[in-house]
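As stored in data.pdb (PDB, C-alpha atoms, pLDDT in the B column):
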```pdb
ATOM      1  CA  MET A  20      19.723 -20.638  13.235  1.00 38.00           C
ATOM      2  CA  SER A  21      17.449 -19.348  15.968  1.00 39.00           C
ATOM      3  CA  GLU A  22      15.047 -16.632  14.934  1.00 44.00           C
ATOM      4  CA  SER A  23      16.013 -14.279  17.752  1.00 46.00           C
ATOM      5  CA  GLY A  24      19.730 -14.837  17.297  1.00 54.00           C
ATOM      6  CA  SER A  25      19.922 -14.518  13.531  1.00 74.00           C
ATOM      7  CA  SER A  26      21.726 -11.641  11.941  1.00 88.00           C
ATOM      8  CA  PHE A  27      19.966  -9.005   9.881  1.00 88.00           C
ATOM      9  CA  GLU A  28      21.742 -10.352   6.795  1.00 91.00           C
ATOM     10  CA  ASP A  29      20.555 -13.910   7.566  1.00 92.00           C
ATOM     11  CA  ASP A  30      16.999 -12.653   8.044  1.00 93.00           C
ATOM     12  CA  VAL A  31      17.084 -10.811   4.710  1.00 93.00           C
ATOM     13  CA  LEU A  32      18.506 -13.850   2.895  1.00 94.00           C
ATOM     14  CA  GLY A  33      15.860 -16.069   4.498  1.00 94.00           C
ATOM     15  CA  GLU A  34      13.054 -13.699   3.559  1.00 94.00           C
ATOM     16  CA  LEU A  35      14.488 -13.308   0.061  1.00 95.00           C
ATOM     17  CA  GLY A  36      14.169 -17.006  -0.670  1.00 93.00           C
ATOM     18  CA  ASP A  37      15.772 -19.140  -3.357  1.00 94.00           C
ATOM     19  CA  ASP A  38      13.705 -17.795  -6.269  1.00 94.00           C
ATOM     20  CA  LYS A  39      14.605 -14.140  -5.672  1.00 95.00           C
ATOM     21  CA  LEU A  40      18.204 -15.075  -4.947  1.00 95.00           C
ATOM     22  CA  GLN A  41      18.324 -16.899  -8.304  1.00 96.00           C
ATOM     23  CA  GLU A  42      16.819 -13.819  -9.964  1.00 96.00           C
ATOM     24  CA  ILE A  43      19.515 -11.629  -8.398  1.00 96.00           C
ATOM     25  CA  ALA A  44      22.187 -14.137  -9.465  1.00 96.00           C
ATOM     26  CA  GLY A  45      20.888 -13.921 -13.047  1.00 96.00           C
ATOM     27  CA  LEU A  46      20.920 -10.142 -12.923  1.00 94.00           C
ATOM     28  CA  LEU A  47      24.505 -10.183 -11.662  1.00 94.00           C
ATOM     29  CA  GLY A  48      25.622 -12.933 -14.036  1.00 94.00           C
ATOM     30  CA  THR A  49      26.817 -15.124 -11.175  1.00 95.00           C
ATOM     31  CA  ASP A  50      25.755 -18.140  -9.133  1.00 96.00           C
ATOM     32  CA  THR A  51      23.711 -18.071  -5.917  1.00 95.00           C
ATOM     33  CA  ALA A  52      26.860 -17.961  -3.763  1.00 95.00           C
ATOM     34  CA  GLY A  53      27.992 -14.836  -5.622  1.00 95.00           C
ATOM     35  CA  ALA A  54      24.519 -13.341  -5.290  1.00 95.00           C
ATOM     36  CA  GLN A  55      24.556 -14.061  -1.533  1.00 95.00           C
ATOM     37  CA  LYS A  56      27.874 -12.201  -1.218  1.00 94.00           C
ATOM     38  CA  VAL A  57      26.500  -9.161  -3.052  1.00 94.00           C
ATOM     39  CA  VAL A  58      23.273  -9.234  -1.012  1.00 94.00           C
ATOM     40  CA  GLY A  59      25.334  -9.485   2.185  1.00 92.00           C
ATOM     41  CA  THR A  60      27.548  -6.574   1.169  1.00 92.00           C
ATOM     42  CA  THR A  61      24.508  -4.519   0.189  1.00 92.00           C
ATOM     43  CA  VAL A  62      22.559  -5.312   3.366  1.00 90.00           C
ATOM     44  CA  SER A  63      25.591  -4.418   5.473  1.00 88.00           C
ATOM     45  CA  ALA A  64      25.951  -1.130   3.617  1.00 88.00           C
ATOM     46  CA  LEU A  65      22.226  -0.399   4.056  1.00 84.00           C
ATOM     47  CA  ALA A  66      22.209  -1.272   7.761  1.00 80.00           C
ATOM     48  CA  GLY A  67      24.443   1.607   8.867  1.00 75.00           C
ATOM     49  CA  PRO A  68      22.342   4.461   7.422  1.00 71.00           C
ATOM     50  CA  VAL A  69      19.095   2.777   8.519  1.00 67.00           C
ATOM     51  CA  GLN A  70      20.367   2.475  12.098  1.00 63.00           C
ATOM     52  CA  GLU A  71      21.558   6.103  12.050  1.00 67.00           C
ATOM     53  CA  GLU A  72      18.128   7.289  10.868  1.00 63.00           C
ATOM     54  CA  ALA A  73      16.431   5.155  13.525  1.00 58.00           C
ATOM     55  CA  ALA A  74      18.627   6.632  16.245  1.00 57.00           C
ATOM     56  CA  ALA A  75      18.060  10.191  14.999  1.00 62.00           C
ATOM     57  CA  ALA A  76      14.264   9.868  14.771  1.00 56.00           C
ATOM     58  CA  PRO A  77      12.224  11.370  17.624  1.00 52.00           C
ATOM     59  CA  GLU A  78      10.791   8.652  19.846  1.00 48.00           C
ATOM     60  CA  GLU A  79       7.226   9.175  18.605  1.00 46.00           C
ATOM     61  CA  GLU A  80       8.540   8.668  15.072  1.00 46.00           C
ATOM     62  CA  ALA A  81      11.025   5.903  15.851  1.00 44.00           C
ATOM     63  CA  PRO A  82      11.014   3.789  12.698  1.00 46.00           C
ATOM     64  CA  LEU A  83      11.395   0.393  14.349  1.00 43.00           C
ATOM     65  CA  GLN A  84       8.346   0.521  16.584  1.00 41.00           C
ATOM     66  CA  GLY A  85       6.123  -1.585  14.343  1.00 42.00           C
ATOM     67  CA  VAL A  86       4.404  -1.781  11.013  1.00 41.00           C
ATOM     68  CA  SER A  87       2.044   1.093  11.798  1.00 39.00           C
ATOM     69  CA  THR A  88       4.928   3.560  12.058  1.00 40.00           C
ATOM     70  CA  LEU A  89       6.553   2.071   8.990  1.00 42.00           C
ATOM     71  CA  GLY A  90       3.478   3.255   7.115  1.00 42.00           C
ATOM     72  CA  GLY A  91       2.728  -0.168   5.736  1.00 43.00           C
ATOM     73  CA  PHE A  92       4.019  -1.490   2.454  1.00 42.00           C
ATOM     74  CA  ALA A  93       1.522   0.233   0.160  1.00 40.00           C
ATOM     75  CA  THR A  94       2.435   3.741   1.290  1.00 38.00           C
ATOM     76  CA  GLY A  95       6.133   3.091   1.579  1.00 48.00           C
ATOM     77  CA  GLY A  96       6.373   4.541   5.057  1.00 64.00           C
ATOM     78  CA  LEU A  97       9.248   6.125   6.906  1.00 68.00           C
ATOM     79  CA  MET A  98      11.762   3.321   6.440  1.00 68.00           C
ATOM     80  CA  ALA A  99      11.025   3.057   2.710  1.00 71.00           C
ATOM     81  CA  GLY A 100      11.908   6.740   2.476  1.00 75.00           C
ATOM     82  CA  VAL A 101      15.130   6.161   4.393  1.00 75.00           C
ATOM     83  CA  LEU A 102      16.035   3.231   2.152  1.00 77.00           C
ATOM     84  CA  ALA A 103      15.262   5.255  -0.981  1.00 76.00           C
ATOM     85  CA  LYS A 104      17.384   8.140   0.290  1.00 80.00           C
ATOM     86  CA  VAL A 105      20.440   5.977   0.950  1.00 83.00           C
ATOM     87  CA  SER A 106      20.113   3.647  -2.035  1.00 87.00           C
ATOM     88  CA  LYS A 107      22.260   5.685  -4.439  1.00 89.00           C
ATOM     89  CA  PRO A 108      25.218   6.162  -2.067  1.00 90.00           C
ATOM     90  CA  VAL A 109      24.949   2.509  -1.019  1.00 90.00           C
ATOM     91  CA  ALA A 110      24.843   1.392  -4.666  1.00 92.00           C
ATOM     92  CA  ASN A 111      27.958   3.439  -5.393  1.00 93.00           C
ATOM     93  CA  ALA A 112      29.775   2.044  -2.340  1.00 92.00           C
ATOM     94  CA  VAL A 113      28.848  -1.563  -3.164  1.00 93.00           C
ATOM     95  CA  ALA A 114      29.802  -1.035  -6.827  1.00 94.00           C
ATOM     96  CA  LYS A 115      33.193   0.320  -5.790  1.00 95.00           C
ATOM     97  CA  LYS A 116      33.766  -2.583  -3.391  1.00 93.00           C
ATOM     98  CA  THR A 117      32.589  -5.344  -5.743  1.00 92.00           C
ATOM     99  CA  GLY A 118      33.370  -3.980  -9.208  1.00 94.00           C
ATOM    100  CA  ILE A 119      29.740  -4.484 -10.258  1.00 95.00           C
ATOM    101  CA  PRO A 120      28.272  -1.526 -12.181  1.00 95.00           C
ATOM    102  CA  ALA A 121      26.323   0.875  -9.937  1.00 94.00           C
ATOM    103  CA  ALA A 122      23.241   0.569 -12.173  1.00 94.00           C
ATOM    104  CA  THR A 123      23.178  -3.194 -11.596  1.00 95.00           C
ATOM    105  CA  VAL A 124      23.636  -2.771  -7.849  1.00 94.00           C
ATOM    106  CA  THR A 125      20.785  -0.238  -7.882  1.00 92.00           C
ATOM    107  CA  ARG A 126      18.521  -2.858  -9.469  1.00 93.00           C
ATOM    108  CA  VAL A 127      19.520  -5.334  -6.749  1.00 93.00           C
ATOM    109  CA  ILE A 128      18.739  -2.722  -4.080  1.00 91.00           C
ATOM    110  CA  GLU A 129      15.328  -2.126  -5.668  1.00 89.00           C
ATOM    111  CA  MET A 130      14.659  -5.849  -5.295  1.00 91.00           C
ATOM    112  CA  LEU A 131      15.924  -5.848  -1.704  1.00 91.00           C
ATOM    113  CA  VAL A 132      13.962  -2.833  -0.374  1.00 86.00           C
ATOM    114  CA  PRO A 133      10.620  -4.679   0.091  1.00 88.00           C
ATOM    115  CA  VAL A 134      12.480  -7.618   1.671  1.00 90.00           C
ATOM    116  CA  VAL A 135      14.380  -5.318   4.056  1.00 86.00           C
ATOM    117  CA  LEU A 136      11.098  -3.595   5.003  1.00 84.00           C
ATOM    118  CA  THR A 137       9.516  -6.986   5.715  1.00 88.00           C
ATOM    119  CA  VAL A 138      12.451  -8.049   7.908  1.00 87.00           C
ATOM    120  CA  LEU A 139      12.388  -4.720   9.790  1.00 81.00           C
ATOM    121  CA  SER A 140       8.657  -4.964  10.446  1.00 83.00           C
ATOM    122  CA  LYS A 141       8.924  -8.604  11.606  1.00 86.00           C
ATOM    123  CA  ARG A 142      11.792  -7.695  13.949  1.00 82.00           C
ATOM    124  CA  ALA A 143       9.832  -4.729  15.295  1.00 79.00           C
ATOM    125  CA  ALA A 144       6.783  -6.929  15.895  1.00 81.00           C
ATOM    126  CA  ARG A 145       8.905  -9.438  17.850  1.00 81.00           C
ATOM    127  CA  LYS A 146      10.172  -6.655  20.128  1.00 75.00           C
ATOM    128  CA  LYS A 147       6.659  -5.602  21.167  1.00 66.00           C
TER     129      LYS A 147
END
```
Transcribe the structure of this file into structure tokens.
Amino acid sequence: MSESGSSFEDDVLGELGDDKLQEIAGLLGTDTAGAQKVVGTTVSALAGPVQEEAAAAPEEEAPLQGVSTLGGFATGGLMAGVLAKVSKPVANAVAKKTGIPAATVTRVIEMLVPVVLTVLSKRAARKK
């Protein structure tokens, strides 16, 4: 898998790593393959609203211009706010699609947010 040609989902799974994927699998009561499916579904559901917010942001506030505009990880930044805003509707959508309780999906999303922010900042840095 080439770094520039990998999908957003692949990047998130790669950044997540085996330990976190095992943790998610334990939370979901499934194996790593099941956890990968849920992560994939969740990342796909998150990607749409994130891309919409990015497109709607004024150019000087465009969220995918680099870590500085993301606000860094300590402050949360613009994209963390976007992810927080869409997490409940995404959790409900993923729960409906997978049959997993929304509260459990919300916990998975909470684990994925820092990983998604890392992937977004790495992708933004590569585009510079």
Task: Among the residues A:Gly59, A:Gly36, A:Gly45, A:Pro68, the one that comes closest to Gly100 of chain A [using all atoms listed in the file] - done: A:Pro68
Show which residues sit within 12 Å of Lys39 of chain A, as a PDB file with C-alpha atoms, in the frame of the given file. Count all atoms listed in the file, and ignore same-chain residues fewer than 2 positions away.
```pdb
ATOM      1  CA  VAL A  31      17.084 -10.811   4.710  1.00 93.00           C
ATOM      2  CA  LEU A  32      18.506 -13.850   2.895  1.00 94.00           C
ATOM      3  CA  GLY A  33      15.860 -16.069   4.498  1.00 94.00           C
ATOM      4  CA  GLU A  34      13.054 -13.699   3.559  1.00 94.00           C
ATOM      5  CA  LEU A  35      14.488 -13.308   0.061  1.00 95.00           C
ATOM      6  CA  GLY A  36      14.169 -17.006  -0.670  1.00 93.00           C
ATOM      7  CA  ASP A  37      15.772 -19.140  -3.357  1.00 94.00           C
ATOM      8  CA  GLN A  41      18.324 -16.899  -8.304  1.00 96.00           C
ATOM      9  CA  GLU A  42      16.819 -13.819  -9.964  1.00 96.00           C
ATOM     10  CA  ILE A  43      19.515 -11.629  -8.398  1.00 96.00           C
ATOM     11  CA  ALA A  44      22.187 -14.137  -9.465  1.00 96.00           C
ATOM     12  CA  GLY A  45      20.888 -13.921 -13.047  1.00 96.00           C
ATOM     13  CA  LEU A  46      20.920 -10.142 -12.923  1.00 94.00           C
ATOM     14  CA  THR A  51      23.711 -18.071  -5.917  1.00 95.00           C
ATOM     15  CA  ALA A  54      24.519 -13.341  -5.290  1.00 95.00           C
ATOM     16  CA  GLN A  55      24.556 -14.061  -1.533  1.00 95.00           C
ATOM     17  CA  VAL A  58      23.273  -9.234  -1.012  1.00 94.00           C
ATOM     18  CA  VAL A 127      19.520  -5.334  -6.749  1.00 93.00           C
ATOM     19  CA  MET A 130      14.659  -5.849  -5.295  1.00 91.00           C
ATOM     20  CA  LEU A 131      15.924  -5.848  -1.704  1.00 91.00           C
ATOM     21  CA  PRO A 133      10.620  -4.679   0.091  1.00 88.00           C
ATOM     22  CA  VAL A 134      12.480  -7.618   1.671  1.00 90.00           C
TER      23      VAL A 134
END
```
TODO: Using all atoms listed in the file, find the one residue out of A:Leu136, A:Ala52, A:Leu47, A:Ala144 that sits nearest to Leu102 of chain A.
DONE: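 Using all atoms listed in the file, Leu102 of chain A sits closest to A:Leu136.
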8 Å contact set for Thr61 of chain A, all atoms listed in the file, chain neighbours under 5 positions out, as a compact mmCIF listing (two decimals) with C-alpha atoms, in the frame of the given file:
```
# COMPACT_ATOMS: atom_id res chain seq x y z
CA VAL A 109 24.95 2.51 -1.02
CA ALA A 110 24.84 1.39 -4.67
CA VAL A 113 28.85 -1.56 -3.16
CA ILE A 128 18.74 -2.72 -4.08
```
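From atom CA of Ala66 of chain A back to atom CA of Pro120 of chain A, the distance works out to 20.8 Å.
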Task: Counting only C-alpha atoms, the residue of A:Thr49, A:Asp30, A:Leu40, A:Ala114 that sits nearest Ala64 of chain A - done: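 Ranked by minimum distance to Ala64 of chain A, first place goes to A:Ala114.
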Open item on the list: Just checking: using only C-alpha atoms, which residue out of A:Val62, A:Val57, A:Leu139, A:Val105 ends up closest to Glu28 of chain A?
Closed with: A:Val62
Task: Given all atoms listed in the file as the counted atoms, nearest of A:Asp38, A:Phe27, A:Thr60, A:Lys141 to Lys116 of chain A - done: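 Checking each of A:Asp38, A:Phe27, A:Thr60, A:Lys141 against Lys116 of chain A, counting all atoms listed in the file, the winner is A:Thr60.
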Task: Pairwise distance for atom CA of Gly118 of chain A and atom CA of Thr137 of chain A, rounded to one decimal in Å - done: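 Taking atom CA of Gly118 of chain A as the start and atom CA of Thr137 of chain A as the end point, the length is 28.3 Å.
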Task: Atom-to-atom span, atom CA of Glu129 of chain A and atom CA of Ala103 of chain A, Å - done: 8.7 Å
